[in-house]
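**Student:** The following file, entry12.txt, comprises compact mmCIF, C-alpha atoms:
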```txt
# COMPACT_ATOMS: atom_id res chain seq x y z
CA MET A 26 109.01 -90.46 238.07
CA ASP A 27 108.55 -87.23 240.01
CA SER A 28 105.66 -86.90 242.45
CA LEU A 29 103.84 -84.25 240.41
CA THR A 30 103.70 -86.46 237.31
CA GLN A 31 102.60 -89.45 239.37
CA ALA A 32 99.80 -87.44 240.98
CA VAL A 33 98.63 -85.96 237.67
CA PHE A 34 98.73 -89.35 235.95
CA GLY A 35 96.73 -90.88 238.81
CA ALA A 36 94.21 -88.05 238.57
CA ALA A 37 93.85 -88.53 234.81
CA VAL A 38 93.37 -92.28 235.25
CA GLY A 39 90.78 -91.69 237.97
CA GLU A 40 88.86 -89.26 235.77
CA ALA A 41 89.06 -91.63 232.81
CA VAL A 42 87.74 -94.72 234.62
CA ALA A 43 85.14 -93.15 236.91
CA GLY A 44 84.76 -89.42 236.27
CA ASP A 45 81.36 -89.86 234.68
CA ARG A 46 80.26 -92.02 237.63
CA VAL A 47 81.53 -90.26 240.76
CA GLY A 48 82.39 -86.77 239.51
CA ARG A 49 85.54 -84.73 240.06
CA ARG A 50 86.34 -86.66 243.20
CA ALA A 51 87.57 -89.45 240.93
CA ALA A 52 90.47 -87.23 239.88
CA LEU A 53 91.16 -86.25 243.50
CA TRP A 54 91.34 -89.82 244.74
CA GLY A 55 93.21 -90.89 241.64
CA ALA A 56 95.88 -88.33 242.50
CA VAL A 57 96.03 -89.67 246.05
CA ALA A 58 96.40 -93.24 244.81
CA GLY A 59 99.02 -92.16 242.28
CA THR A 60 101.10 -90.59 245.05
CA LEU A 61 100.54 -93.21 247.74
CA PRO A 62 103.35 -95.68 246.79
CA ASP A 63 106.00 -92.99 247.29
CA LEU A 64 104.94 -92.57 250.91
CA ASP A 65 107.26 -95.49 251.63
CA VAL A 66 109.85 -92.77 252.34
CA LEU A 67 108.05 -92.17 255.65
CA ALA A 68 109.74 -95.35 256.89
CA TYR A 69 113.24 -93.93 256.36
CA PRO A 70 113.73 -92.73 259.98
CA PHE A 71 113.27 -96.33 261.14
CA LEU A 72 115.69 -97.87 258.61
CA THR A 73 119.40 -97.93 258.03
CA GLU A 74 120.62 -96.29 254.82
CA ALA A 75 121.08 -99.71 253.26
CA GLY A 76 117.60 -100.71 254.41
CA ALA A 77 116.12 -97.52 252.95
CA LEU A 78 117.68 -98.26 249.54
CA ARG A 79 116.08 -101.70 249.50
CA PHE A 80 112.73 -100.55 250.87
CA HIS A 81 112.13 -97.59 248.55
CA ARG A 82 110.31 -98.61 245.37
CA GLY A 83 109.88 -102.01 246.94
CA LEU A 84 106.71 -103.37 248.54
CA THR A 85 104.45 -100.42 247.68
CA HIS A 86 105.74 -100.41 244.10
CA GLY A 87 105.12 -104.08 243.43
CA LEU A 88 102.24 -105.08 241.19
CA PRO A 89 100.79 -107.33 243.95
CA PHE A 90 100.36 -104.23 246.14
CA ALA A 91 97.89 -102.72 243.67
CA PHE A 92 95.85 -105.93 243.52
CA VAL A 93 95.63 -106.19 247.31
CA ALA A 94 95.49 -102.55 248.42
CA GLY A 95 93.38 -101.32 245.48
CA PRO A 96 90.16 -103.16 246.41
CA LEU A 97 90.71 -102.53 250.13
CA LEU A 98 91.32 -98.79 249.82
CA GLY A 99 88.56 -98.49 247.22
CA TRP A 100 86.15 -100.07 249.69
CA LEU A 101 87.28 -97.62 252.41
CA VAL A 102 86.63 -94.63 250.14
CA TRP A 103 83.21 -96.01 249.25
CA ARG A 104 82.36 -96.54 252.94
CA TRP A 105 83.50 -92.96 253.67
CA TYR A 106 81.01 -91.53 251.21
CA ARG A 107 78.22 -93.82 252.45
CA TRP A 108 78.87 -92.58 255.97
CA ARG A 109 78.80 -88.94 254.81
CA ALA A 110 75.55 -89.57 252.97
CA THR A 111 73.87 -90.83 256.13
CA ARG A 112 74.93 -87.73 258.07
CA SER A 113 74.09 -85.06 255.49
CA PRO A 114 72.00 -86.55 252.69
CA SER A 115 72.10 -84.79 249.35
CA ALA A 116 71.58 -85.83 245.78
CA SER A 117 75.27 -85.84 244.91
CA ALA A 118 76.36 -87.57 248.10
CA SER A 119 73.67 -90.21 247.75
CA ARG A 120 74.71 -90.86 244.17
CA ARG A 121 78.29 -91.47 245.24
CA ALA A 122 77.16 -93.74 248.05
CA GLU A 123 75.17 -96.11 245.86
CA PRO A 124 76.26 -99.74 246.21
CA THR A 125 77.31 -99.85 242.55
CA ALA A 126 79.78 -97.02 243.20
CA LEU A 127 82.01 -99.51 245.01
CA ARG A 128 83.20 -100.79 241.66
CA ALA A 129 84.01 -97.26 240.51
CA TRP A 130 86.02 -96.38 243.62
CA THR A 131 87.91 -99.66 243.46
CA ALA A 132 88.84 -98.93 239.84
CA VAL A 133 90.05 -95.42 240.71
CA VAL A 134 92.35 -96.58 243.49
CA PHE A 135 93.51 -99.75 241.75
CA TRP A 136 94.56 -98.04 238.53
CA GLY A 137 96.23 -95.18 240.43
CA LEU A 138 98.32 -97.67 242.40
CA LEU A 139 99.08 -99.83 239.36
CA THR A 140 100.20 -97.09 236.99
CA HIS A 141 102.62 -95.61 239.53
CA PRO A 142 105.21 -98.43 239.36
CA LEU A 143 104.65 -98.85 235.63
CA LEU A 144 105.71 -95.22 235.12
CA ASP A 145 108.74 -95.71 237.38
CA VAL A 146 109.93 -98.60 235.23
CA PHE A 147 110.74 -96.13 232.44
CA THR A 148 113.35 -94.36 234.64
CA VAL A 149 116.91 -95.55 235.18
CA TYR A 150 116.22 -95.91 238.93
CA GLY A 151 113.57 -98.51 238.18
CA THR A 152 111.31 -100.33 240.60
CA GLN A 153 110.76 -103.76 242.13
CA LEU A 154 107.68 -104.82 240.17
CA LEU A 155 107.49 -108.29 241.73
CA ALA A 156 107.93 -107.22 245.36
CA PRO A 157 107.51 -108.74 247.89
CA PHE A 158 108.20 -112.00 246.03
CA SER A 159 111.37 -110.73 244.35
CA ASP A 160 113.68 -107.76 244.82
CA THR A 161 114.75 -107.83 241.17
CA PRO A 162 114.67 -104.24 239.89
CA PHE A 163 113.11 -103.44 236.51
CA ALA A 164 114.41 -100.31 234.79
CA VAL A 165 114.25 -99.17 231.17
CA GLY A 166 115.97 -95.80 231.53
CA SER A 167 114.23 -94.24 228.53
CA THR A 168 112.73 -91.36 230.53
CA PHE A 169 114.34 -88.88 232.90
CA ILE A 170 112.76 -88.72 236.34
CA VAL A 171 111.27 -85.34 235.33
CA ASP A 172 109.97 -85.21 231.75
CA PRO A 173 108.03 -82.00 231.00
CA LEU A 174 106.39 -83.44 227.87
CA VAL A 175 104.76 -86.24 229.86
CA THR A 176 103.59 -83.93 232.65
CA VAL A 177 102.39 -81.03 230.48
CA SER A 178 100.39 -83.23 228.09
CA LEU A 179 98.68 -84.90 231.04
CA LEU A 180 98.05 -81.70 232.96
CA GLY A 181 96.59 -79.83 229.99
CA CYS A 182 94.18 -82.60 229.02
CA LEU A 183 93.18 -83.22 232.63
CA ALA A 184 92.37 -79.52 233.13
CA VAL A 185 90.09 -79.57 230.08
CA ALA A 186 88.42 -82.78 231.27
CA LEU A 187 87.66 -81.33 234.70
CA ALA A 188 86.47 -78.02 233.28
CA THR A 189 84.18 -79.51 230.62
CA ARG A 190 83.24 -82.72 232.47
CA ARG A 191 84.23 -84.73 229.44
CA SER A 192 86.33 -87.67 230.59
CA GLY A 193 87.49 -88.32 227.06
CA TRP A 194 90.02 -85.53 227.50
CA ALA A 195 91.60 -87.46 230.37
CA VAL A 196 91.88 -90.48 228.11
CA ALA A 197 93.51 -88.26 225.48
CA GLY A 198 96.06 -87.07 228.04
CA ILE A 199 96.91 -90.65 229.03
CA VAL A 200 97.32 -91.64 225.38
CA ALA A 201 99.48 -88.58 224.64
CA SER A 202 101.78 -89.21 227.60
CA ALA A 203 101.99 -92.91 226.71
CA LEU A 204 103.04 -91.95 223.19
CA VAL A 205 105.79 -89.73 224.62
CA LEU A 206 107.04 -92.71 226.65
CA VAL A 207 106.93 -95.03 223.64
CA VAL A 208 108.79 -92.51 221.47
CA GLY A 209 111.37 -92.24 224.25
CA VAL A 210 111.98 -95.99 224.06
CA GLY A 211 112.43 -95.69 220.31
CA MET A 212 114.94 -92.85 220.74
CA GLN A 213 116.78 -94.90 223.34
CA MET A 214 117.09 -97.80 220.90
CA ARG A 215 118.50 -95.47 218.27
CA ALA A 216 120.95 -93.92 220.75
CA ALA A 217 122.11 -97.39 221.86
CA ALA A 218 122.65 -98.47 218.25
CA THR A 219 124.68 -95.31 217.61
CA VAL A 220 126.90 -95.93 220.63
CA GLU A 221 127.42 -99.57 219.65
CA ALA A 222 128.48 -98.45 216.18
CA ALA A 223 130.85 -95.88 217.70
CA LEU A 224 132.39 -98.57 219.90
CA ALA A 225 132.69 -100.92 216.93
CA GLU A 226 134.63 -98.25 215.04
CA ARG A 227 137.12 -98.35 217.92
CA GLY A 228 137.24 -102.15 217.78
CA VAL A 229 135.55 -102.43 221.17
CA GLU A 230 132.70 -104.76 222.05
CA ALA A 231 131.33 -103.56 225.36
CA GLU A 232 130.57 -106.23 227.94
CA ARG A 233 127.68 -104.11 229.18
CA LEU A 234 126.09 -100.95 227.86
CA LEU A 235 123.76 -98.61 229.70
CA VAL A 236 121.97 -95.81 227.82
CA ALA A 237 119.70 -93.46 229.78
CA ALA A 238 117.75 -90.30 229.01
CA GLY A 239 119.48 -87.01 229.70
CA PRO A 240 118.09 -84.31 232.01
CA PHE A 241 114.48 -83.31 231.26
CA THR A 242 114.49 -84.68 227.71
CA SER A 243 114.65 -87.81 225.56
CA VAL A 244 116.64 -85.95 222.91
CA LEU A 245 119.93 -86.11 224.82
CA TRP A 246 121.31 -89.42 226.07
CA ARG A 247 124.09 -90.41 228.40
CA GLY A 248 125.42 -93.68 229.72
CA VAL A 249 128.39 -95.92 230.35
CA ALA A 250 130.01 -98.80 228.51
CA GLU A 251 131.91 -101.50 230.38
CA GLU A 252 135.36 -102.38 229.05
CA GLY A 253 137.02 -104.96 231.26
CA ASP A 254 137.56 -103.44 234.69
CA GLN A 255 136.68 -99.91 233.62
CA ALA A 256 133.66 -97.94 232.43
CA VAL A 257 133.55 -95.33 229.69
CA PRO A 258 130.95 -92.57 230.21
CA PHE A 259 129.49 -90.97 227.10
CA TRP A 260 126.75 -88.66 225.91
CA LEU A 261 125.12 -87.97 222.56
CA HIS A 262 122.20 -86.32 220.82
CA VAL A 263 119.63 -88.67 219.33
CA ALA A 264 120.43 -87.23 215.89
CA ASP A 265 124.19 -87.81 216.27
CA GLY A 266 126.06 -90.30 214.16
CA PRO A 267 128.70 -92.73 215.50
CA GLY A 268 131.46 -90.21 214.88
CA GLU A 269 129.75 -87.58 217.01
CA VAL A 270 129.42 -89.56 220.24
CA THR A 271 131.26 -87.84 223.08
CA PHE A 272 133.31 -90.29 225.12
CA GLU A 273 134.66 -89.01 228.43
CA PRO A 274 137.78 -90.36 230.18
CA ALA A 275 137.30 -93.91 231.40
CA VAL A 276 136.92 -94.58 235.11
CA PRO A 277 137.64 -97.78 237.04
CA LEU A 278 134.85 -100.02 238.25
CA ALA A 279 134.78 -100.78 241.95
CA ALA A 280 134.83 -104.34 243.28
CA PHE A 281 134.58 -105.10 246.98
CA PRO A 282 136.67 -107.91 248.51
CA PRO A 283 134.57 -111.07 249.12
CA GLU A 284 134.45 -110.56 252.88
CA VAL A 285 133.27 -106.95 252.44
CA ALA A 286 130.80 -107.78 249.65
CA ARG A 287 128.94 -110.12 252.00
CA GLU A 288 128.24 -107.34 254.49
CA PRO A 289 124.76 -105.71 254.26
CA GLY A 290 125.95 -102.22 253.31
CA ALA A 291 128.28 -103.24 250.48
CA ALA A 292 125.91 -105.96 249.25
CA THR A 293 123.10 -103.41 249.03
CA LEU A 294 125.24 -101.03 246.99
CA VAL A 295 126.13 -103.77 244.51
CA TRP A 296 122.47 -104.78 244.25
CA PHE A 297 121.21 -101.22 243.91
CA SER A 298 123.79 -100.12 241.32
CA ARG A 299 123.69 -103.35 239.27
CA GLY A 300 127.47 -103.24 239.53
CA TRP A 301 127.90 -99.74 238.03
CA LEU A 302 130.03 -98.50 240.93
CA THR A 303 133.20 -96.44 240.63
CA PRO A 304 135.56 -95.71 243.54
CA LEU A 305 135.82 -92.20 244.94
CA ASP A 306 138.27 -93.04 247.71
CA GLY A 307 140.49 -96.06 248.12
CA PRO A 308 141.66 -98.57 245.50
CA PRO A 309 139.15 -100.02 242.98
CA GLY A 310 139.46 -103.44 244.64
CA ASP A 311 138.71 -102.18 248.14
CA PRO A 312 137.05 -98.74 247.98
CA THR A 313 136.03 -96.75 251.02
CA ALA A 314 133.67 -94.51 249.02
CA VAL A 315 131.84 -95.19 245.76
CA ALA A 316 129.47 -93.52 243.28
CA ASP A 317 126.75 -94.95 241.06
CA LEU A 318 127.62 -94.26 237.41
CA ARG A 319 124.05 -94.79 236.13
CA PHE A 320 122.91 -91.40 237.38
CA GLY A 321 125.92 -89.41 236.19
CA ARG A 322 126.93 -86.11 237.72
CA ALA A 323 124.75 -83.33 239.09
CA GLY A 324 126.09 -80.87 236.56
CA LEU A 325 127.85 -80.82 233.20
CA SER A 326 131.40 -80.11 234.31
CA PRO A 327 133.91 -82.83 235.29
CA GLY A 328 134.12 -81.32 238.78
CA ALA A 329 130.42 -81.76 239.50
CA PRO A 330 129.66 -84.40 242.13
CA PHE A 331 128.03 -87.69 241.25
CA VAL A 332 124.33 -87.79 242.08
CA PHE A 333 124.56 -90.92 244.26
CA ARG A 334 127.70 -91.23 246.42
CA TRP A 335 128.28 -93.29 249.55
CA ASP A 336 130.95 -93.81 252.16
CA VAL A 337 131.49 -97.49 252.94
CA LEU A 338 131.86 -97.87 256.69
CA ASP A 339 132.77 -100.66 259.11
CA ASP A 340 134.19 -102.91 256.39
CA GLY A 341 130.97 -102.81 254.40
CA ALA A 342 128.54 -103.26 257.28
CA ARG A 343 127.19 -99.70 256.93
CA ILE A 344 126.93 -97.06 254.24
CA ARG A 345 126.38 -93.33 254.48
CA GLN A 346 125.18 -91.25 251.55
CA ARG A 347 127.09 -88.06 250.88
CA PRO A 348 124.88 -84.98 250.59
CA LEU A 349 124.52 -83.57 247.11
CA GLY A 350 123.93 -79.90 247.88
CA GLY A 351 123.28 -77.28 245.22
CA ALA A 352 125.38 -78.80 242.46
CA THR A 353 123.62 -77.75 239.27
CA ARG A 354 124.43 -74.22 238.08
CA ILE A 355 122.65 -71.90 235.68
CA ASP A 356 125.58 -72.44 233.30
CA ASP A 357 124.70 -76.12 233.17
CA MET A 358 121.16 -75.31 232.06
CA MET A 359 122.48 -73.09 229.29
CA ILE A 360 124.81 -75.83 228.08
CA LEU A 361 121.93 -78.31 228.24
CA TRP A 362 119.73 -76.00 226.18
CA ARG A 363 122.40 -75.57 223.52
CA ARG A 364 123.01 -79.31 223.34
CA ILE A 365 119.31 -79.99 222.78
CA TRP A 366 119.42 -77.72 219.73
CA ARG A 367 122.78 -79.17 218.66
CA ALA A 368 124.59 -75.85 218.91
CA ASP A 369 128.32 -75.96 218.27
CA VAL A 370 129.52 -76.67 221.81
CA PRO A 371 132.38 -79.05 222.66
CA GLY A 372 130.52 -80.72 225.55
CA PRO A 373 131.73 -80.89 229.16
CA VAL A 374 134.96 -79.07 229.89
CA GLY A 375 137.94 -81.31 229.19
CA THR A 376 136.14 -83.63 226.75
CA SER A 377 135.70 -83.64 223.02
CA ARG A 378 133.55 -85.34 220.44
CA ARG A 379 135.65 -88.37 219.66
CA THR A 380 135.44 -92.11 219.18
CA THR A 381 139.02 -92.94 220.11
CA SER A 382 139.60 -95.02 223.20
CA PRO A 383 139.86 -92.79 226.26
CA SER A 384 142.52 -93.36 228.86
CA VAL A 385 141.72 -94.69 232.31
CA SER A 386 141.92 -92.15 235.10
CA ASP A 387 143.11 -93.22 238.53
CA SER A 388 139.89 -92.17 240.23
CA PRO A 389 136.98 -89.93 239.35
CA SER A 390 136.79 -86.70 241.25
CA PRO A 391 133.80 -86.41 243.61
```
Go through the file and emit its structure as structure tokens.
**Tutor:**
Amino acid sequence: MDSLTQAVFGAAVGEAVAGDRVGRRAALWGAVAGTLPDLDVLAYPFLTEAGALRFHRGLTHGLPFAFVAGPLLGWLVWRWYRWRATRSPSASASRRAEPTALRAWTAVVFWGLLTHPLLDVFTVYGTQLLAPFSDTPFAVGSTFIVDPLVTVSLLGCLAVALATRRSGWAVAGIVASALVLVVGVGMQMRAAATVEAALAERGVEAERLLVAAGPFTSVLWRGVAEEGDQAVPFWLHVADGPGEVTFEPAVPLAAFPPEVAREPGAATLVWFSRGWLTPLDGPPGDPTAVADLRFGRAGLSPGAPFVFRWDVLDDGARIRQRPLGGATRIDDMMILWRRIWRADVPGPVGTSRRTTSPSVSDSPSP
């Protein structure tokens, strides 16, 4: 999820597990621990683009990292406060430097590191929970990368906890945000069932189906259904019935030739996208540029660019991500707002609410 939510969640966890033992610094260090795994982006200048895709949400997002780094970093924080206590003794500093505080600091850092990848699992991007032993990505897709309900519920309860020194409020914030995530999974299951019913009405049994939360909300859903060598994008409101699912024109799925697919750049794209690639340039069987369909477009019009797009260079040996730029317009936000409230809008320009089989386009526009 976004860095703000990760930091706030880490702060709430820190306050919940050790706020009554080490004071407000538990929330501070919890926020640090909750943000720490995303600092893997600092390695990007030393990696190729393919290497960066594999490294991000890898080692630092694996569950083993929390079990190894948590106790080590907790011990370092504890030693820091012991050292400060010896230089400028005070009642509060001495209290935080007590030998028994080691357990509290270890808990703060450990839970901050552990909850970070667990939150990321709910996004469509996912994370490598078993790294470094496996690069298998785990992704639910039931929560958008920025979900205001999760962040606001956490932030409000954490503020009350810090102001009143009652850690129970931090626990309440964690429970409230967890409930939002659980409800999101339930809405995702309903949305998936609706899409499957809509496809069944067309006499189509999708080989694969991906349903992911729409921008900033778990009320709107989008995704793609695989039909042979093509993918059918769609979107719907959680309250929609099968006849109200909006299917957009189908797009071809990209497939690299065997000799290209073995190269590190192309192989990384296939691994990262789980095979949800569509060609932007070149034929579907040998594309020179591709986009990841899981993330959709950065806007609500058919001309908006896909969020993740890459040029495939040197016969698959290298990849280069195309810059996104300022793609989302204020008009898109207005359309999004109206869709949330199920206003009578036809959806993206050029599409309609239908359950008839869409035709395959030659290539999606970037």
**Student:** With all atoms listed in the file as the basis for distance, which of A:Arg247, A:Arg287, A:Arg367, A:Arg82 is at the shortest distance from Thr168 (chain A)?
**Tutor:**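 When distances to Thr168 (chain A) are compared using all atoms listed in the file, the smallest one comes from A:Arg247.
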**Student:** Which residues come within 7 Å of Glu40 (chain A), counting all atoms listed in the file, excluding same-chain residues fewer than 5 positions away, as a list in words?
**Tutor:**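 The contact residues come out as Ala51, Ala52, Ser192 and Ala195 of chain A.
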**Student:** Counting all atoms listed in the file, what is within 12 Å of Pro283 (chain A), bar same-chain residues fewer than 5 positions away, as a ChimeraX atom specification?
**Tutor:** /A:288,291-292,310-311,340-341
**Student:** Compile the contact shell of region 153-162 of chain A as a list of chain:residue names: residues with an atom at most 10 Å away, counting only C-alpha atoms, same-chain residues fewer than 5 positions apart removed.
**Tutor:**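 So the residues in contact are A:Arg79, A:Phe80, A:His81, A:Arg82, A:Gly83, A:Leu84, A:Thr85, A:His86, A:Gly87, A:Leu88, A:Pro89, A:Phe90, A:Leu139, A:Pro142, A:Leu143, A:Asp145, A:Val146, A:Trp296, A:Phe297, A:Arg299.
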**Student:** Please list as JSON, numbers by chain every residue within 6 Å of Gly290 (chain A), counting only C-alpha atoms and excluding residues in the same chain fewer than 6 positions away.
**Tutor:** {"A": [75, 341, 342, 343, 344]}
**Student:** To one decimal place, how far is CA of Glu74 (chain A) from CA of Ala314 (chain A) in Å?
**Tutor:**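 For CA of Glu74 (chain A) relative to CA of Ala314 (chain A), the distance reads 14.4 Å.
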**Student:** May I ask for the distance between CA of Ala41 (chain A) and CA of Ser178 (chain A), given in Å to one decimal place?
**Tutor:**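 Between CA of Ala41 (chain A) and CA of Ser178 (chain A) the gap is 14.9 Å.
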**Student:** Give me, as a compact mmCIF listing (two decimals) with C-alpha atoms, keeping the file's coordinate frame, all polymer residues having an atom no more than 12 Å from Gly266 (chain A), counting all atoms listed in the file and skipping those fewer than 6 positions away in the same chain.
**Tutor:**
```txt
# COMPACT_ATOMS: atom_id res chain seq x y z
CA ARG A 215 118.50 -95.47 218.27
CA ALA A 216 120.95 -93.92 220.75
CA ALA A 217 122.11 -97.39 221.86
CA ALA A 218 122.65 -98.47 218.25
CA THR A 219 124.68 -95.31 217.61
CA VAL A 220 126.90 -95.93 220.63
CA GLU A 221 127.42 -99.57 219.65
CA ALA A 222 128.48 -98.45 216.18
CA ALA A 223 130.85 -95.88 217.70
CA LEU A 224 132.39 -98.57 219.90
CA GLU A 226 134.63 -98.25 215.04
CA TRP A 260 126.75 -88.66 225.91
CA ARG A 378 133.55 -85.34 220.44
CA ARG A 379 135.65 -88.37 219.66
CA THR A 380 135.44 -92.11 219.18
```
**Student:** Which is closer to Glu230 (chain A) than all the others in A:Ala250, A:Val205, A:Leu183, A:Val133, using all atoms listed in the file?
**Tutor:** A:Ala250
